[in-house]
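Engineer: Encoded as structure tokens, here's the structure I'll be asking about.
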Amino acid sequence: MSLDNFIPEIWSGELLVAFRKAHVFAPLVNRNYEGDVRDKGDVVRITTPAPIAVNAYSGTVTYETPLSAQQSLLIDQDYYWAFDIDDLEKVQANVDLVRPYMEEAGYALADTVDKNIAALYTASGLSDTALTIGTSADNYPAYVTAAQKLDEANVPRTGRWVVISPAGYGALLKTAQFTAATALGDAVIRTGAVGQIAGFNVYVSNNLTLDTTRKYMYGANSAITFALQHSMVEPVRREGSFKDAVRGRHVWGRKVVRPSALGVISATE
């Protein structure tokens with residue numbers, strides 16, 4: 001073989017990292033029961049106190065025995081990731097490949113969780129609000145209607161959020177009542193919100209479900225609870241090979257615990 005035709009292969013020390021979707025749902029839900037989770041199959045019992053009646057006093061007092069409502073948070077989601085790297089590849093690349101692949105695994109896990117929570121739109125306790133984003137006049141009234149439904153359900157106005165698609169965000173940018181994050185200052189930008197409308201902090205996601213219409217979700221932090229248990233992350237030396245490996249297993253559960261605090265805007269895009 002002639003050395004004149006030899007083309008050496010050079011492994012760059014820089015990695016080309018893929019573009020990533022934003023993950024928004026996990027910070028919008030509560031994690032009140034996470035400390036009670038240990039493994040798949042665990043059931044966390046959640047108690048909701050019953051209301052107490054107020055009666056006119058006429059000389060005697062009658063005592064109630066309130067019956068608290070019970071619901072269960074089932075830890076039923078069980079996922080793993082695993083990868084190995086050849087020793088020679090690590091030498092040729094001249095970089096620590098374990099760290100970036102660990103970051104990729106973490107991103108993939110977060111993406112799975114994000115989609116998992118977005119799929120809970122079917123458990124909404126409020127009637128759907130219709131929106132056709134191609135008609136600019138429909139944009140603001142749809143969010144006002146959504147806010148009204150939360151008001152009627154006695155959901156607190158603080159901390160309300162709505163997650164919309166990029167197409168929905170583009171429509172809001174043409175809506176006079178939408179206040180962009182740049183006009184609201186650092187406080188909103190730090191939360192990941194892109195702005196506000198009708199009392200909602202607005203977030204954008206590519207993980208919203210498409211079922212004939214795009215399912216925008218809105219509500220309050222109390223609507224959904226989420227519990228994640230990092231069961232195992234460990235390094236492994238692959239037997240019979242010159243490879244290091246890392247694997248992880250993650251267990252979680254999620255549930256709509258207050259359906260009256262969760263709504264859906266069915267958007268025709």
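Just remember, in the structure tokens the first chain shown is A, the second B, etc., residues are 1-based per chain, and ligands are 1-based in the order shown.
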Near region 107-115 of chain A, within 10 Å and counting only C-alpha atoms, which residues show up once chain neighbours fewer than 2 positions away are dropped, as a VMD selection string?
Structural biologist: chain A and resid 20 to 26 77 79 to 81 101 to 105 117 to 120 205 to 209 226 228 249 to 250 252 to 254
Engineer: With N, CA and C atoms retained, could you export that selection as a CSV table (one decimal), in the first residue's frame?
Structural biologist:
```csv
chain,number,residue,atom,x,y,z
A,20,ARG,N,-31.6,19.9,21.9
A,20,ARG,CA,-32.5,19.2,22.8
A,20,ARG,C,-33.8,20.0,23.0
A,21,LYS,N,-34.9,19.3,23.2
A,21,LYS,CA,-36.1,19.9,23.6
A,21,LYS,C,-36.1,20.4,25.0
A,22,ALA,N,-36.9,21.4,25.3
A,22,ALA,CA,-37.0,21.9,26.7
A,22,ALA,C,-37.9,21.0,27.4
A,23,HIS,N,-37.6,20.8,28.7
A,23,HIS,CA,-38.5,20.0,29.6
A,23,HIS,C,-39.1,20.9,30.6
A,24,VAL,N,-40.4,21.0,30.6
A,24,VAL,CA,-41.1,22.0,31.5
A,24,VAL,C,-42.0,21.4,32.5
A,25,PHE,N,-42.5,20.2,32.4
A,25,PHE,CA,-43.6,19.7,33.3
A,25,PHE,C,-43.1,19.5,34.7
A,26,ALA,N,-42.0,18.9,34.9
A,26,ALA,CA,-41.6,18.5,36.3
A,26,ALA,C,-41.6,19.7,37.3
A,77,GLN,N,-44.0,3.3,37.2
A,77,GLN,CA,-43.1,3.6,36.0
A,77,GLN,C,-41.7,3.1,36.3
A,79,TYR,N,-38.0,2.4,34.4
A,79,TYR,CA,-37.2,2.6,33.2
A,79,TYR,C,-35.7,2.4,33.6
A,80,TYR,N,-34.9,2.0,32.6
A,80,TYR,CA,-33.5,1.9,32.8
A,80,TYR,C,-32.8,2.5,31.6
A,81,TRP,N,-31.5,2.7,31.8
A,81,TRP,CA,-30.6,3.1,30.6
A,81,TRP,C,-29.2,2.4,30.9
A,101,TYR,N,-22.1,11.1,28.0
A,101,TYR,CA,-23.1,10.1,27.8
A,101,TYR,C,-24.0,10.0,29.0
A,102,MET,N,-23.5,10.2,30.2
A,102,MET,CA,-24.3,10.3,31.4
A,102,MET,C,-25.3,11.5,31.2
A,103,GLU,N,-24.8,12.6,30.7
A,103,GLU,CA,-25.7,13.7,30.5
A,103,GLU,C,-26.8,13.4,29.5
A,104,GLU,N,-26.4,12.6,28.4
A,104,GLU,CA,-27.4,12.2,27.4
A,104,GLU,C,-28.5,11.3,28.1
A,105,ALA,N,-28.0,10.4,29.0
A,105,ALA,CA,-28.9,9.5,29.7
A,105,ALA,C,-29.9,10.3,30.6
A,117,ILE,N,-45.8,13.0,32.0
A,117,ILE,CA,-46.7,13.9,32.7
A,117,ILE,C,-47.7,14.6,31.7
A,118,ALA,N,-47.2,14.9,30.5
A,118,ALA,CA,-48.0,15.6,29.5
A,118,ALA,C,-49.2,14.7,29.1
A,119,ALA,N,-49.0,13.4,29.2
A,119,ALA,CA,-50.1,12.4,28.9
A,119,ALA,C,-51.2,12.4,29.9
A,120,LEU,N,-51.1,13.1,31.0
A,120,LEU,CA,-52.1,13.1,32.0
A,120,LEU,C,-53.2,14.1,31.7
A,205,SER,N,-43.7,23.7,25.0
A,205,SER,CA,-43.2,22.3,25.0
A,205,SER,C,-43.5,21.7,23.7
A,206,ASN,N,-42.5,20.8,23.2
A,206,ASN,CA,-42.7,20.0,22.1
A,206,ASN,C,-43.3,18.6,22.5
A,207,ASN,N,-43.6,18.4,23.7
A,207,ASN,CA,-44.0,17.1,24.2
A,207,ASN,C,-45.5,17.0,24.5
A,208,LEU,N,-46.3,18.0,24.1
A,208,LEU,CA,-47.7,18.0,24.3
A,208,LEU,C,-48.3,17.0,23.3
A,209,THR,N,-49.4,16.3,23.8
A,209,THR,CA,-50.0,15.3,23.0
A,209,THR,C,-50.8,15.8,21.9
A,226,PHE,N,-46.0,14.1,41.7
A,226,PHE,CA,-45.0,13.3,41.0
A,226,PHE,C,-43.9,12.8,42.0
A,228,LEU,N,-40.3,10.6,42.2
A,228,LEU,CA,-39.2,9.9,41.5
A,228,LEU,C,-38.3,9.3,42.5
A,249,ARG,N,-31.3,2.7,36.8
A,249,ARG,CA,-32.7,2.3,36.8
A,249,ARG,C,-33.5,3.3,37.7
A,250,HIS,N,-34.6,3.7,37.1
A,250,HIS,CA,-35.3,4.8,37.8
A,250,HIS,C,-36.8,4.4,37.8
A,252,TRP,N,-40.7,5.8,39.1
A,252,TRP,CA,-41.5,6.9,39.5
A,252,TRP,C,-43.0,6.6,39.4
A,253,GLY,N,-43.8,7.6,39.9
A,253,GLY,CA,-45.2,7.5,39.8
A,253,GLY,C,-45.7,8.9,39.6
A,254,ARG,N,-46.9,9.1,39.0
A,254,ARG,CA,-47.5,10.4,38.8
A,254,ARG,C,-49.0,10.3,38.8
```
Engineer: For Asn221 (chain A), please output as number ranges by chain all residues within 10 Å (counting only C-alpha atoms; exclusion window: fewer than 6 positions along the same chain).
Structural biologist: A: 27-31, 156, 158-161, 258, 261-262
Engineer: For Val43 (chain A), which residue among A:Leu67, A:Leu73, A:Ile197, A:Ala146 is the nearest when counting only C-alpha atoms?
Structural biologist: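 Result for the nearest residue to Val43 (chain A): A:Leu73.
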Engineer: For Lys149 (chain A), work out the shell of residues within 12 Å, counting only C-alpha atoms and skipping chain neighbours fewer than 5 positions away, then give it as JSON, numbers by chain.
Structural biologist: {"A": [124, 125, 126, 127, 128, 129, 142, 143, 144, 154, 155, 156, 157, 218, 219, 259, 260, 261, 262, 263, 264, 265]}
Engineer: Can you write just those residues out, C-alpha atoms, as a PDB file, in the first residue's frame?
Structural biologist:
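Final output, saved to result_5.pdb:
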```pdb
ATOM      1  CA  SER A 124     -58.465  16.820  33.679  1.00  0.00           C
ATOM      2  CA  GLY A 125     -61.546  17.584  35.726  1.00  0.00           C
ATOM      3  CA  LEU A 126     -62.532  20.669  33.723  1.00  0.00           C
ATOM      4  CA  SER A 127     -64.344  20.731  30.403  1.00  0.00           C
ATOM      5  CA  ASP A 128     -62.085  21.381  27.418  1.00  0.00           C
ATOM      6  CA  THR A 129     -61.679  24.863  25.988  1.00  0.00           C
ATOM      7  CA  ALA A 142     -59.557  30.957  25.196  1.00  0.00           C
ATOM      8  CA  TYR A 143     -57.088  31.707  27.996  1.00  0.00           C
ATOM      9  CA  VAL A 144     -59.628  33.922  29.771  1.00  0.00           C
ATOM     10  CA  ASN A 154     -61.744  27.877  43.719  1.00  0.00           C
ATOM     11  CA  VAL A 155     -58.215  27.275  42.480  1.00  0.00           C
ATOM     12  CA  PRO A 156     -55.815  29.939  43.838  1.00  0.00           C
ATOM     13  CA  ARG A 157     -54.672  32.488  41.262  1.00  0.00           C
ATOM     14  CA  TYR A 218     -53.090  24.448  32.262  1.00  0.00           C
ATOM     15  CA  GLY A 219     -53.556  24.445  35.984  1.00  0.00           C
ATOM     16  CA  PRO A 259     -58.649  17.167  38.743  1.00  0.00           C
ATOM     17  CA  SER A 260     -60.481  20.443  39.333  1.00  0.00           C
ATOM     18  CA  ALA A 261     -57.107  22.248  39.196  1.00  0.00           C
ATOM     19  CA  LEU A 262     -56.163  20.839  35.769  1.00  0.00           C
ATOM     20  CA  GLY A 263     -57.621  21.840  32.413  1.00  0.00           C
ATOM     21  CA  VAL A 264     -57.071  21.329  28.713  1.00  0.00           C
ATOM     22  CA  ILE A 265     -57.182  23.749  25.795  1.00  0.00           C
TER      23      ILE A 265
END
```
Engineer: Counting only C-alpha atoms, what is within 10 Å of Val98 (chain A), bar same-chain residues fewer than 5 positions away, as a VMD selection string?
Structural biologist: chain A and resid 83 to 85 90 103 to 104 235 244 to 246
Engineer: Write a file of the selected residues as a PDB file, in the first residue's frame, keeping C-alpha atoms.
Structural biologist:
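Final output, out-v3.pdb:
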```
ATOM      1  CA  PHE A  83     -24.197   2.054  27.799  1.00  0.00           C
ATOM      2  CA  ASP A  84     -20.588   0.941  27.474  1.00  0.00           C
ATOM      3  CA  ILE A  85     -17.476   2.552  25.974  1.00  0.00           C
ATOM      4  CA  LYS A  90     -11.689   6.649  24.918  1.00  0.00           C
ATOM      5  CA  GLU A 103     -25.697  13.732  30.474  1.00  0.00           C
ATOM      6  CA  GLU A 104     -27.419  12.204  27.434  1.00  0.00           C
ATOM      7  CA  PRO A 235     -20.489   1.780  37.005  1.00  0.00           C
ATOM      8  CA  ASP A 244     -16.421   0.377  30.971  1.00  0.00           C
ATOM      9  CA  ALA A 245     -20.188   0.565  31.383  1.00  0.00           C
ATOM     10  CA  VAL A 246     -22.692   2.623  33.332  1.00  0.00           C
TER      11      VAL A 246
END
```
Engineer: Based on the backbone DSSP call, show me all residues of region 188-258 of chain A assigned strand (DSSP E or B), as a ChimeraX atom specification.
Structural biologist: /A:195-197,200-204,210-211,213-219,224-237,243-256
Engineer: Please produce a file of the residues just selected, as a compact mmCIF listing (two decimals), in the first residue's frame, where the atoms kept are N, CA and C atoms.
Structural biologist:
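Final output, saved to result-v6.txt:
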```txt
# COMPACT_ATOMS: atom_id res chain seq x y z
N GLY A 195 -43.61 34.11 29.12
CA GLY A 195 -44.45 35.29 29.29
C GLY A 195 -45.67 34.98 30.12
N GLN A 196 -46.65 35.87 30.08
CA GLN A 196 -47.88 35.71 30.84
C GLN A 196 -49.08 36.12 30.00
N ILE A 197 -50.20 35.45 30.27
CA ILE A 197 -51.47 35.86 29.67
C ILE A 197 -52.61 35.39 30.58
N PHE A 200 -51.81 33.45 33.67
CA PHE A 200 -51.01 32.24 33.55
C PHE A 200 -49.56 32.58 33.22
N ASN A 201 -48.61 31.88 33.83
CA ASN A 201 -47.26 31.84 33.32
C ASN A 201 -47.25 30.87 32.14
N VAL A 202 -46.68 31.30 31.02
CA VAL A 202 -46.76 30.53 29.78
C VAL A 202 -45.44 29.79 29.55
N TYR A 203 -45.56 28.49 29.28
CA TYR A 203 -44.41 27.65 28.96
C TYR A 203 -44.63 27.00 27.60
N VAL A 204 -43.53 26.66 26.93
CA VAL A 204 -43.61 26.07 25.59
C VAL A 204 -42.98 24.68 25.62
N LEU A 210 -50.74 15.17 20.74
CA LEU A 210 -51.58 15.52 19.58
C LEU A 210 -52.60 14.41 19.42
N ASP A 211 -53.87 14.72 19.67
CA ASP A 211 -54.97 13.78 19.52
C ASP A 211 -56.09 14.50 18.78
N THR A 213 -56.59 17.30 18.03
CA THR A 213 -56.13 18.65 18.35
C THR A 213 -54.94 18.56 19.30
N ARG A 214 -54.15 19.62 19.35
CA ARG A 214 -53.02 19.66 20.27
C ARG A 214 -53.55 19.97 21.67
N LYS A 215 -53.11 19.18 22.66
CA LYS A 215 -53.65 19.30 24.01
C LYS A 215 -52.75 20.19 24.88
N TYR A 216 -53.06 21.50 24.88
CA TYR A 216 -52.39 22.40 25.81
C TYR A 216 -52.91 22.08 27.21
N MET A 217 -52.05 22.15 28.20
CA MET A 217 -52.45 21.87 29.57
C MET A 217 -52.27 23.11 30.42
N TYR A 218 -53.20 23.32 31.34
CA TYR A 218 -53.09 24.45 32.26
C TYR A 218 -53.55 24.02 33.64
N GLY A 219 -53.12 24.78 34.63
CA GLY A 219 -53.56 24.45 35.98
C GLY A 219 -52.70 25.10 37.04
N ILE A 224 -51.15 18.07 40.00
CA ILE A 224 -50.47 16.80 39.72
C ILE A 224 -49.38 16.59 40.75
N THR A 225 -49.27 15.37 41.24
CA THR A 225 -48.15 15.03 42.11
C THR A 225 -47.26 14.02 41.39
N PHE A 226 -45.98 14.11 41.67
CA PHE A 226 -44.98 13.29 40.99
C PHE A 226 -43.95 12.84 42.02
N ALA A 227 -43.58 11.58 41.96
CA ALA A 227 -42.58 11.05 42.89
C ALA A 227 -41.58 10.21 42.12
N LEU A 228 -40.33 10.59 42.18
CA LEU A 228 -39.25 9.90 41.47
C LEU A 228 -38.30 9.27 42.47
N GLN A 229 -37.97 7.99 42.25
CA GLN A 229 -37.02 7.29 43.10
C GLN A 229 -35.85 6.84 42.24
N HIS A 230 -34.68 7.41 42.51
CA HIS A 230 -33.48 6.96 41.81
C HIS A 230 -33.01 5.66 42.47
N SER A 231 -33.46 4.55 41.92
CA SER A 231 -33.17 3.28 42.56
C SER A 231 -31.70 2.88 42.44
N MET A 232 -31.09 3.17 41.29
CA MET A 232 -29.73 2.66 41.11
C MET A 232 -29.04 3.37 39.96
N VAL A 233 -27.82 3.82 40.18
CA VAL A 233 -26.91 4.26 39.13
C VAL A 233 -25.55 3.70 39.50
N GLU A 234 -24.95 2.90 38.60
CA GLU A 234 -23.70 2.24 38.99
C GLU A 234 -22.78 2.03 37.79
N PRO A 235 -21.47 2.11 38.04
CA PRO A 235 -20.49 1.78 37.00
C PRO A 235 -20.24 0.27 36.99
N VAL A 236 -19.93 -0.27 35.81
CA VAL A 236 -19.70 -1.70 35.66
C VAL A 236 -18.51 -1.89 34.71
N ARG A 237 -17.65 -2.84 35.03
CA ARG A 237 -16.61 -3.25 34.09
C ARG A 237 -17.11 -4.49 33.38
N LYS A 243 -14.10 -2.80 28.15
CA LYS A 243 -15.11 -1.75 28.14
C LYS A 243 -15.55 -1.41 29.56
N ASP A 244 -15.74 -0.10 29.77
CA ASP A 244 -16.42 0.38 30.97
C ASP A 244 -17.89 0.60 30.64
N ALA A 245 -18.76 0.38 31.61
CA ALA A 245 -20.19 0.57 31.38
C ALA A 245 -20.80 1.29 32.57
N VAL A 246 -21.89 1.96 32.29
CA VAL A 246 -22.69 2.62 33.33
C VAL A 246 -24.14 2.28 33.07
N ARG A 247 -24.88 2.03 34.14
CA ARG A 247 -26.31 1.73 33.97
C ARG A 247 -27.09 2.37 35.11
N GLY A 248 -28.34 2.67 34.82
CA GLY A 248 -29.19 3.27 35.84
C GLY A 248 -30.61 2.75 35.70
N ARG A 249 -31.30 2.70 36.82
CA ARG A 249 -32.71 2.29 36.85
C ARG A 249 -33.47 3.32 37.66
N HIS A 250 -34.61 3.75 37.13
CA HIS A 250 -35.35 4.83 37.76
C HIS A 250 -36.82 4.45 37.85
N VAL A 251 -37.38 4.69 39.00
CA VAL A 251 -38.77 4.31 39.28
C VAL A 251 -39.53 5.56 39.70
N TRP A 252 -40.74 5.75 39.13
CA TRP A 252 -41.51 6.91 39.54
C TRP A 252 -43.01 6.65 39.37
N GLY A 253 -43.76 7.55 39.93
CA GLY A 253 -45.21 7.53 39.77
C GLY A 253 -45.72 8.94 39.61
N ARG A 254 -46.87 9.11 39.00
CA ARG A 254 -47.47 10.43 38.82
C ARG A 254 -48.98 10.28 38.81
N LYS A 255 -49.66 11.28 39.29
CA LYS A 255 -51.11 11.18 39.39
C LYS A 255 -51.72 12.58 39.45
N VAL A 256 -52.86 12.74 38.83
CA VAL A 256 -53.65 13.96 38.99
C VAL A 256 -54.45 13.82 40.28
```
Engineer: If you measure from CA of Glu34 (chain A) to CA of Pro66 (chain A), what distance in Å do you get, rounded to one decimal?
Structural biologist: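 Those two atoms sit 27.1 Å apart.
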Engineer: Would you give me, as an MDAnalysis selection string, the residues in region 131-236 of chain A that DSSP reads as alpha helix (DSSP H)?
Structural biologist: chainID A and resid 136:152 166:172 181:184 186:191
Engineer: Could you turn the residues from that selection into a file that holds C-alpha atoms, as a CSV table (one decimal), in the first residue's frame?
Structural biologist:
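Result file follows (again.csv):
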```csv
chain,number,residue,atom,x,y,z
A,136,SER,CA,-56.1,35.7,16.3
A,137,ALA,CA,-59.4,36.8,17.8
A,138,ASP,CA,-59.7,33.4,19.5
A,139,ASN,CA,-56.4,33.5,21.3
A,140,TYR,CA,-57.0,35.7,24.3
A,141,PRO,CA,-60.6,34.6,25.0
A,142,ALA,CA,-59.6,31.0,25.2
A,143,TYR,CA,-57.1,31.7,28.0
A,144,VAL,CA,-59.6,33.9,29.8
A,145,THR,CA,-62.1,31.1,29.7
A,146,ALA,CA,-59.5,28.7,31.1
A,147,ALA,CA,-58.8,31.1,33.9
A,148,GLN,CA,-62.5,31.5,34.6
A,149,LYS,CA,-62.9,27.7,35.0
A,150,LEU,CA,-60.1,27.7,37.6
A,151,ASP,CA,-61.8,30.6,39.4
A,152,GLU,CA,-65.1,28.7,39.5
A,166,PRO,CA,-44.4,26.4,19.5
A,167,ALA,CA,-47.3,27.2,17.1
A,168,GLY,CA,-49.4,28.4,20.1
A,169,TYR,CA,-46.5,30.6,21.2
A,170,GLY,CA,-46.2,32.1,17.8
A,171,ALA,CA,-49.9,33.0,17.8
A,172,LEU,CA,-49.5,34.6,21.3
A,181,ALA,CA,-40.9,37.5,29.3
A,182,THR,CA,-38.5,40.2,28.2
A,183,ALA,CA,-41.1,42.8,29.4
A,184,LEU,CA,-41.6,41.0,32.7
A,186,ASP,CA,-35.7,38.3,35.2
A,187,ALA,CA,-38.2,36.8,37.7
A,188,VAL,CA,-40.2,35.2,34.9
A,189,ILE,CA,-37.2,34.3,32.7
A,190,ARG,CA,-35.6,32.3,35.6
A,191,THR,CA,-38.7,30.1,35.8
```
Engineer: Find the distance between CA of Gly192 (chain A) and CA of Ala130 (chain A) and write it in Å to one decimal.
Structural biologist: 25.4 Å
Engineer: From the set A:Ile133, A:Ala193, A:Ile46, A:Val163, which residue has the shortest atom-to-atom contact distance to Gln71 (chain A), counting only C-alpha atoms?
Structural biologist: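 Among the listed residues, the smallest separation from Gln71 (chain A) belongs to A:Ile46.
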Engineer: To one decimal place, how far is CA of Val44 (chain A) from CA of Asn116 (chain A) in Å?
Structural biologist: 18.7 Å
Engineer: Under the rule that only C-alpha atoms are counted, which of A:Thr60, A:Asn32, A:Ser222, A:Ser68 is the nearest residue to Thr48 (chain A)?
Structural biologist: A:Ser68
